[in-house]
Structure formats: structure tokens, C-alpha cells
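Working notes for the structure below.
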Amino acid sequence: MPRIPAPPLPKALQPKPKKPGESNGEAKPYRQPLEGGVTVVDWLDERTAMSGGLRWLLFRKVPRGVNWPYTLGSATLFAFLNQAVTGVFLAMYYRPDASGGAYESIRHINDDVFLGQLVHAMHKWGASVMIILIFLHMGRVFFYGAYKYPRELTWVIGVVLLILTLAMGFTGYLLPFDQRAYWASVVGININAGGPFIGPFLSNFLLGGADFGATTLSRFYSIHMLLIPGAMAALIGAHLYLITKLGIAAPPWVKPHPDKDGDHQLDEAQV
Amino acid sequence: MPDRNRERKSKYTLDRNIPGAFEGETVTRRRLMVLGANGVGAVAAAAFTLPALGFAIAPIFKRQAWTWQAIGTPDDFNQSSYQTKVITITPGIGEAGNTIAYVRARDPSIDTEPEDQYNHWVALSDRCMHLGCPVRYVQAAERFICPCHGGVYDFRGMVAGGPPVRPLDRFYTRLNKYTNLVEIGPRFSVNSELQRFNPRFPGEPIDGIGQFLYPSTFDTAKRP
């Protein structure tokens, strides 16, 4: 089977040449545990061929001139992962019970659970950070013109991700179920109702009835932690696939080198 | 692009010399299998998608019950000021299911809307008709004031200023002949002439075209 060329590893990570007199046969017993990792990776790779995909994803050519604003997308992804991890663990303590249980469970997380206040705060502040980062990332893509052909679909998926992120903020805001959460959600749901024709029914769907009830909270909770995160994870996958497939757009001020042949714009680098 | 010079195949299987073809047959076995397998797959997917979807949107179609709850005796209410009454609109969830009604006796000198069995007492909802924040009655000013975006209503609940799009919603009221208690019923909306409409969400104007742009929802309680 033909192998994909090895990535340009740093010197320190490249395998050392054999010393003179060293045999090519079986590794000496004391070396065998050290090579165990290699064996495991080879075993996996032989059955999944995933090293090719990983190399395709990680060892890409990126244009010259990439700079710090290019990291905003990864920063947003990091914020999403932070929300996912802290959210999963908050769900272990949270109870979507409108008759006081929800507020009490948040109080329990903050006051009693070890590091509960920290994890809750990471989720709460991480939400704001994610929204700030996603807008900065969108601004970077817009002002660098990176949404243009052939990357229109990446942009469209990104806009859907933005809307879903805002929906996450909206549904998550109700969950602490204090006065601020309650009234902010009442106002938000009524803004929804302001859409002609469909608005009243959409609000009815969000409320799970005519008025704010027991199902409203569990509905918001389900949308917040199952429906939207699933959709977002899938769309982030599609977003990353397109980024890898199409490559990163060069900054608008970087001109191609007419004096070099071949892929003149591309510098090899690891991102 | 399709090649126009290509010779068109006949749509009849018999003309195409397919084994087992018979007169007038146009669907090949392969095509039947593909369509059949896709159809079965679609039915299987619908078998779990449609019930789940119906389950999720069912509350839209569930009609509310028309209930009455007692709020006091007729002597409790006068014509010149509002009594604040806590009523339950969603049972079973404690504080979150309660709301406030501002109640006074009907004053024929200012309440010009026609009198019937449901408005001997005027009961206003505390939900601001801008975006649904709770309004507060200020006796000195005889105004309802919303803390969120500055909506102001006069003594009858008509818009006196700010962003609200219609007068404060009201509740049906009646006198229970057997207990001699004032009872409060479901909420209804009013337009700027205080005509009754099925309850709408805040922020939805119902004057003129608004009543059609913001239709009444399916879960409106039916008058017994």
C-alpha cells in the first residue's frame, strides 16, 4: 500500500538514524516498551487509515501573511468546546423544574458543589466570550474578503452557526430561573410573537402552551442542551471540512509571486 | 449537459430488449427496486419523525380550560382605585404560574364599553402590551407604569404613552350567585375601542389589519 509522505516533523521528533553496528532486527528488550506507542499507532492506522486524514487536516499549506486575526475561528471553537464540557457537567446537577427546583439546583451548584461556582461561571462567561469571538471572527472574514468564491458555503454555514449560537444564549438565559431569567425570557418570547402570521404560533411552541408553564423550562433546557448543540457540532464539522478542503484565503494585501513557479502563493507551515 | 445527438432510448422495456419485459411496461426492475427501497426508507424515517414532531408541537393545539377563581366579595372593590389580586394562570408550578390582576368596580361614567355579565368588575392584566413586563399601578398618578421600556397606561388601561401597541389585556369577571363572590376568568385582549378579542401575545397590535397579521392561537379557551 502506498504511504503518504511523512510530515515535515521538527528535528527533535524525527527518528534518529541507526548507530553503526545496530541491527535492523527485533528491538532490544529494554527498547520494546518505548516502541509500544509506535506499535499501537501502526495497529490503529493499518485498520482505520486515519493518519492520512489527520495529516490532511493538520499539515496543510497556508498562505503567507496569515496573522493573529486568523486565530479567531479556532478561538471560537475553543469557546464552544468550553461550553460543551462545562455544560455536560452542569447538567449532572441541574434540574429543569419550574416550581422552584431549577433555582434551587443552581443555588446548590453555586454554594455547595466543589468548584461549582467556577464551572457555572466558566459556562456563563464563556457564553459571552463565544458571542464576542464569533462576531470578531465574522468581522475578520468579512474585512479580509475571505467569504468570496469558492468559500461562500463556508460563510453561509458560519452565519447559521452564529444564529444557533445566539439561540443558545437565548435558551440558556432562562435556565437559572431567577427573576432576571424569567422576565428576560418573557420579553424574548413576546418579541418572537411580533412576527406576523407565524409569530404567535412560534411563541406558543416555545412556551409549550398558552402561558409560561412547567413545560416552558424543560423545553428550553432540551433545546439548549440537545437540539442546538447537536446541530452546531455537525455544522462545525462541515465548516472545518470546507476550510481544510478549500484552504485558507490569503490576506487581501498579499500578492502572488510572479517570479516563482508552481504554487507560488503557498508557504509550507503548520497550523 | 445532456448530449442532444445521443440516440433517445425508448421508454418501453420491450423495445430495449430487457429480459422478461412485457407489452407496455416502462419501469425496469432496477428502477422499481430503487424506488421501493427509498419509499420503504422514507416510511421508516417518517414512522419515528412524525410522532416525535407531533409530540413537540402538540401544546400549540391544546385548548385551555375555561376556569373561574374567586378573588373576593363585591364589597372589596370600589370604582376609584384598583385592588391587586394574585391569580394562578398555570397551576402546579408555584410562584412562576401566578400573575397579578388589577381589579376595580365598573364605573359607568368612564367605562363606555357596553355592559354585559362579564364586566361588572374591570380586571386588568399586569402584562405590559409592549413586551410583557409587569406594569405597576400608581394611585397618585392614576397610571399604570411599566419598568422595562417606559410604557404608560391611563386609569382605564388605555395607552397613555410609550411603546405599547394596545390597551392592557383584561380578564372576564362575574359574580357567582351561589357563593356571592367575585370570580375571575380567562384573559382577553382589547383593541383601542375596547372591543374584545381572543387573547394575543404582547407586542401584537389588533387594530385594523393587526387582528389578521396576528391571528388568534389554537389554544384559546372556549367560552362555555
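Chain identifiers are assigned as A, B, and so on, following the order in which chains appear in the C-alpha cells; residues are numbered from 1 within each chain, and ligands are numbered from 1 in order of appearance.
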
Check: Which residues come within 12 Å of A:Ala184, counting only C-alpha atoms, excluding same-chain residues fewer than 6 positions away, as number ranges by chain?
Finding: A: 169-178, 190-191; B: 131-134, 148

Residues of the last selection are to be written out with N, CA and C atoms, as a PDB file, in the first residue's frame.
```
ATOM      1  N   GLY A 169     -27.687  31.281  23.482  1.00  0.00           N
ATOM      2  CA  GLY A 169     -27.702  32.309  24.512  1.00  0.00           C
ATOM      3  C   GLY A 169     -29.117  32.571  25.011  1.00  0.00           C
ATOM      4  N   PHE A 170     -30.073  32.603  24.084  1.00  0.00           N
ATOM      5  CA  PHE A 170     -31.469  32.891  24.440  1.00  0.00           C
ATOM      6  C   PHE A 170     -32.037  31.782  25.323  1.00  0.00           C
ATOM      7  N   THR A 171     -31.837  30.516  24.901  1.00  0.00           N
ATOM      8  CA  THR A 171     -32.425  29.411  25.667  1.00  0.00           C
ATOM      9  C   THR A 171     -31.697  29.209  26.990  1.00  0.00           C
ATOM     10  N   GLY A 172     -30.389  29.469  27.003  1.00  0.00           N
ATOM     11  CA  GLY A 172     -29.639  29.261  28.236  1.00  0.00           C
ATOM     12  C   GLY A 172     -29.944  30.301  29.297  1.00  0.00           C
ATOM     13  N   TYR A 173     -30.387  31.473  28.853  1.00  0.00           N
ATOM     14  CA  TYR A 173     -30.623  32.566  29.787  1.00  0.00           C
ATOM     15  C   TYR A 173     -31.741  32.244  30.773  1.00  0.00           C
ATOM     16  N   LEU A 174     -32.704  31.409  30.346  1.00  0.00           N
ATOM     17  CA  LEU A 174     -33.844  31.097  31.207  1.00  0.00           C
ATOM     18  C   LEU A 174     -33.472  30.114  32.322  1.00  0.00           C
ATOM     19  N   LEU A 175     -32.456  29.280  32.076  1.00  0.00           N
ATOM     20  CA  LEU A 175     -32.256  28.103  32.926  1.00  0.00           C
ATOM     21  C   LEU A 175     -32.022  28.408  34.400  1.00  0.00           C
ATOM     22  N   PRO A 176     -31.286  29.475  34.793  1.00  0.00           N
ATOM     23  CA  PRO A 176     -31.136  29.727  36.242  1.00  0.00           C
ATOM     24  C   PRO A 176     -32.481  29.999  36.918  1.00  0.00           C
ATOM     25  N   PHE A 177     -33.471  30.416  36.160  1.00  0.00           N
ATOM     26  CA  PHE A 177     -34.845  30.606  36.622  1.00  0.00           C
ATOM     27  C   PHE A 177     -34.941  31.544  37.818  1.00  0.00           C
ATOM     28  N   ASP A 178     -34.181  32.612  37.796  1.00  0.00           N
ATOM     29  CA  ASP A 178     -34.394  33.686  38.755  1.00  0.00           C
ATOM     30  C   ASP A 178     -35.247  34.764  38.071  1.00  0.00           C
ATOM     31  N   ASN A 190     -42.034  37.161  23.715  1.00  0.00           N
ATOM     32  CA  ASN A 190     -43.004  38.100  23.149  1.00  0.00           C
ATOM     33  C   ASN A 190     -42.450  38.824  21.936  1.00  0.00           C
ATOM     34  N   ILE A 191     -41.131  39.017  21.895  1.00  0.00           N
ATOM     35  CA  ILE A 191     -40.545  39.581  20.671  1.00  0.00           C
ATOM     36  C   ILE A 191     -40.772  38.608  19.518  1.00  0.00           C
TER      37      ILE A 191
ATOM     38  N   LEU B 131     -43.873  44.360  25.625  1.00  0.00           N
ATOM     39  CA  LEU B 131     -43.191  43.073  25.550  1.00  0.00           C
ATOM     40  C   LEU B 131     -43.490  42.174  26.741  1.00  0.00           C
ATOM     41  N   GLY B 132     -44.470  42.502  27.555  1.00  0.00           N
ATOM     42  CA  GLY B 132     -44.911  41.555  28.567  1.00  0.00           C
ATOM     43  C   GLY B 132     -44.281  41.698  29.941  1.00  0.00           C
ATOM     44  N   CYS B 133     -43.606  42.816  30.217  1.00  0.00           N
ATOM     45  CA  CYS B 133     -43.126  43.045  31.581  1.00  0.00           C
ATOM     46  C   CYS B 133     -44.334  43.358  32.479  1.00  0.00           C
ATOM     47  N   PRO B 134     -44.177  43.240  33.791  1.00  0.00           N
ATOM     48  CA  PRO B 134     -45.296  43.533  34.683  1.00  0.00           C
ATOM     49  C   PRO B 134     -45.419  45.040  34.944  1.00  0.00           C
ATOM     50  N   CYS B 148     -39.887  48.415  32.240  1.00  0.00           N
ATOM     51  CA  CYS B 148     -38.884  47.983  31.256  1.00  0.00           C
ATOM     52  C   CYS B 148     -38.572  49.070  30.229  1.00  0.00           C
TER      53      CYS B 148
END
```

Next item on the list: For chain A, work out the contacting residues on chain B at 7 Å, counting only C-alpha atoms, and write them as a count of residues only.
Entry: 20

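Between atom CA of A:Leu153 and atom CA of A:Arg55 there is a distance of 23.7 Å.
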
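Straight-line separation from atom CA of A:Ile223 to atom CA of A:Ala79: 19.2 Å.
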
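Proximity of A:Thr71, A:Thr165, A:Gln117, A:Thr76 to A:Leu90, computed with only C-alpha atoms, is greatest for A:Gln117.
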
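Using only C-alpha atoms for every distance, the candidate list A:Tyr93, A:Tyr144, A:Trp155, A:Trp56 yields A:Trp155 as the residue closest to A:Ala238.
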
Next item on the list: Please run DSSP on the backbone and report, as a PyMOL selection string, all residues within stretch 187-220 of chain A that come out as alpha helix (DSSP H).
Entry: chain A and resi 187-193+199-207+214-220

Taking C-alpha atoms for each residue, export the selection above as a CSV table (one decimal), in the first residue's frame.
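Below you can see again_18.csv, which holds the result:
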```
chain,number,residue,atom,x,y,z
A,187,VAL,CA,-39.7,39.6,26.8
A,188,GLY,CA,-37.8,37.4,24.3
A,189,ILE,CA,-40.7,35.1,23.7
A,190,ASN,CA,-43.0,38.1,23.1
A,191,ILE,CA,-40.5,39.6,20.7
A,192,ASN,CA,-40.9,36.3,18.8
A,193,ALA,CA,-44.6,36.7,18.8
A,199,GLY,CA,-45.1,34.6,15.3
A,200,PRO,CA,-47.9,33.7,17.7
A,201,PHE,CA,-47.6,30.0,16.9
A,202,LEU,CA,-43.8,30.1,17.3
A,203,SER,CA,-44.2,31.7,20.7
A,204,ASN,CA,-46.8,29.1,21.6
A,205,PHE,CA,-44.3,26.4,20.6
A,206,LEU,CA,-41.6,27.9,22.7
A,207,LEU,CA,-43.9,28.3,25.7
A,214,ALA,CA,-43.8,23.8,33.6
A,215,THR,CA,-43.0,22.7,30.1
A,216,THR,CA,-41.5,26.0,29.0
A,217,LEU,CA,-38.4,25.5,31.1
A,218,SER,CA,-37.9,21.8,30.2
A,219,ARG,CA,-38.5,22.7,26.5
A,220,PHE,CA,-35.8,25.5,26.7
```

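If you count only C-alpha atoms and ignore residues fewer than 3 places along the chain from B:Asn98, what sits within 8 Å of it is B:Val86, B:Ile87, B:Thr88, B:Ile89, B:Thr90, B:Gly94, B:Glu95.
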
Using N, CA and C atoms, can you export the residues from the last selection as a short mmCIF file (atom, residue, chain, number, x, y, z; two decimals), in the first residue's frame?
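Full text of result27.cif as output:
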```cif
data_model
loop_
_atom_site.label_atom_id
_atom_site.label_comp_id
_atom_site.auth_asym_id
_atom_site.auth_seq_id
_atom_site.Cartn_x
_atom_site.Cartn_y
_atom_site.Cartn_z
N VAL B 86 -53.63 38.40 43.33
CA VAL B 86 -52.75 37.38 42.75
C VAL B 86 -53.62 36.23 42.29
N ILE B 87 -53.51 35.89 41.01
CA ILE B 87 -54.28 34.75 40.49
C ILE B 87 -53.34 33.76 39.83
N THR B 88 -53.79 32.54 39.72
CA THR B 88 -52.98 31.47 39.12
C THR B 88 -53.40 31.27 37.68
N ILE B 89 -52.44 31.43 36.76
CA ILE B 89 -52.78 31.14 35.36
C ILE B 89 -52.23 29.79 34.92
N THR B 90 -51.17 29.32 35.58
CA THR B 90 -50.65 27.98 35.28
C THR B 90 -50.55 27.23 36.59
N GLY B 94 -46.19 26.67 41.21
CA GLY B 94 -45.91 27.63 42.27
C GLY B 94 -45.89 29.06 41.77
N GLU B 95 -44.94 29.83 42.31
CA GLU B 95 -44.86 31.27 42.03
C GLU B 95 -44.84 31.58 40.54
#
```

Notebook entry, point to check: atom CA of A:Arg47 and atom CA of A:Gln14, how far apart in Å?
Noted result: 24.0 Å

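Counting only C-alpha atoms, the residue from A:Pro29, A:Gly87, A:Gly145, A:Gly65 that sits nearest to A:Pro256 is A:Gly65.
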
Check: Can you list, as a list in words, every protein, DNA or RNA residue that comes within 7 Å of A:Ile106 when you count only C-alpha atoms, leaving out same-chain residues fewer than 4 positions away?
Finding: Tyr94, Ala102, Asn110 and Pro176 of chain A

Deliver the residues from the most recent selection as a file, using C-alpha atoms, as a JSON list (two decimals), in the first residue's frame.
```
[["chain", "number", "residue", "atom", "x", "y", "z"],
["A", 94, "TYR", "CA", -29.21, 20.93, 37.13],
["A", 102, "ALA", "CA", -34.36, 24.81, 38.93],
["A", 110, "ASN", "CA", -23.01, 27.65, 43.31],
["A", 176, "PRO", "CA", -31.14, 29.73, 36.24]]
```

Next item on the list: Just the residues within 12 Å of A:Asn67, please, counting only C-alpha atoms, with nothing from its chain fewer than 4 positions along; format it as a PyMOL selection string.
Entry: chain A and resi 62-63+71-72+140+144+248-251+254+271

Residue subset to file, keeping N, CA and C atoms, as a short mmCIF file (atom, residue, chain, number, x, y, z; two decimals), in the first residue's frame:
```cif
data_model
loop_
_atom_site.label_atom_id
_atom_site.label_comp_id
_atom_site.auth_asym_id
_atom_site.auth_seq_id
_atom_site.Cartn_x
_atom_site.Cartn_y
_atom_site.Cartn_z
N VAL A 62 -0.63 26.88 4.18
CA VAL A 62 -1.37 28.11 4.45
C VAL A 62 -0.65 29.26 3.75
N PRO A 63 -1.41 30.25 3.35
CA PRO A 63 -0.80 31.34 2.58
C PRO A 63 0.16 32.16 3.44
N THR A 71 -6.64 33.47 13.99
CA THR A 71 -6.87 32.51 15.06
C THR A 71 -8.25 32.66 15.70
N LEU A 72 -9.04 33.66 15.25
CA LEU A 72 -10.32 33.91 15.92
C LEU A 72 -11.30 32.76 15.74
N ARG A 140 -13.48 39.51 10.81
CA ARG A 140 -12.21 39.20 10.16
C ARG A 140 -12.48 38.65 8.76
N TYR A 144 -11.45 40.75 5.39
CA TYR A 144 -10.39 40.17 4.57
C TYR A 144 -10.95 39.65 3.25
N ILE A 248 -7.03 28.14 3.33
CA ILE A 248 -7.30 29.43 3.95
C ILE A 248 -7.05 30.53 2.93
N ALA A 249 -7.92 31.54 2.92
CA ALA A 249 -7.75 32.66 1.99
C ALA A 249 -6.59 33.53 2.45
N ALA A 250 -5.79 33.96 1.50
CA ALA A 250 -4.68 34.84 1.83
C ALA A 250 -5.21 36.21 2.21
N PRO A 251 -4.47 36.94 3.04
CA PRO A 251 -4.90 38.32 3.33
C PRO A 251 -4.94 39.12 2.03
N VAL A 254 -1.67 40.47 0.35
CA VAL A 254 -0.57 39.60 -0.09
C VAL A 254 -0.74 39.32 -1.58
N VAL A 271 -0.31 24.63 10.92
CA VAL A 271 -1.31 25.44 11.64
C VAL A 271 -2.05 24.54 12.60
#
```

Next item on the list: Could you give me, as a ChimeraX atom specification, the residues within 12 Å of B:Arg170, counting only C-alpha atoms and dropping anything in the same chain fewer than 4 positions from it?
Entry: /B:100-104,118-119,121-129,156-158,166,184-191,194-200

Note to self: So that I can see what lies close to stretch 130-135 of chain A, please list as a PyMOL selection string the residues with an atom at most 9 Å from it, counting only C-alpha atoms and leaving out residues fewer than 3 positions away in the same chain.
What the structure shows: chain A and resi 72-73+75-80+83+125-127+138-140+158+161-162+165-166+169

Just-selected residues, C-alpha atoms written as an mmCIF file, in the first residue's frame:
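Contents of the output file result15.cif:
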```cif
data_model
loop_
_atom_site.group_PDB
_atom_site.id
_atom_site.type_symbol
_atom_site.label_atom_id
_atom_site.label_comp_id
_atom_site.auth_asym_id
_atom_site.auth_seq_id
_atom_site.Cartn_x
_atom_site.Cartn_y
_atom_site.Cartn_z
ATOM 1 C CA LEU A 72 -10.318 33.909 15.922
ATOM 2 C CA GLY A 73 -12.113 30.943 14.356
ATOM 3 C CA ALA A 75 -10.729 30.676 19.469
ATOM 4 C CA THR A 76 -14.477 30.441 18.839
ATOM 5 C CA LEU A 77 -14.161 26.666 18.510
ATOM 6 C CA PHE A 78 -12.297 26.617 21.816
ATOM 7 C CA ALA A 79 -15.101 28.641 23.425
ATOM 8 C CA PHE A 80 -17.632 26.154 22.027
ATOM 9 C CA GLN A 83 -19.300 25.448 26.738
ATOM 10 C CA TRP A 125 -18.913 33.979 30.985
ATOM 11 C CA GLY A 126 -17.810 31.556 28.260
ATOM 12 C CA ALA A 127 -21.170 32.165 26.581
ATOM 13 C CA MET A 138 -17.107 37.116 11.250
ATOM 14 C CA GLY A 139 -15.633 40.618 11.022
ATOM 15 C CA ARG A 140 -12.209 39.202 10.156
ATOM 16 C CA GLY A 158 -20.874 30.237 9.609
ATOM 17 C CA LEU A 161 -23.700 28.836 13.380
ATOM 18 C CA LEU A 162 -23.945 32.469 14.502
ATOM 19 C CA THR A 165 -25.089 30.479 18.997
ATOM 20 C CA LEU A 166 -27.485 33.359 19.661
ATOM 21 C CA GLY A 169 -27.702 32.309 24.512
#
```

Next item on the list: Could you find all residues in stretch 33-223 of chain B that DSSP calls strand (DSSP E) from the backbone, and write them as a ChimeraX atom specification?
Entry: /B:69-72,83-88,98-105,121-125,136-138,143-145,152-153,159-161,170-176,181-190,196-197

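The closest residue to B:Gly24, picked from B:Thr84, B:Ser10, B:Ser192, B:Asn176 and counting only C-alpha atoms, is B:Ser10.
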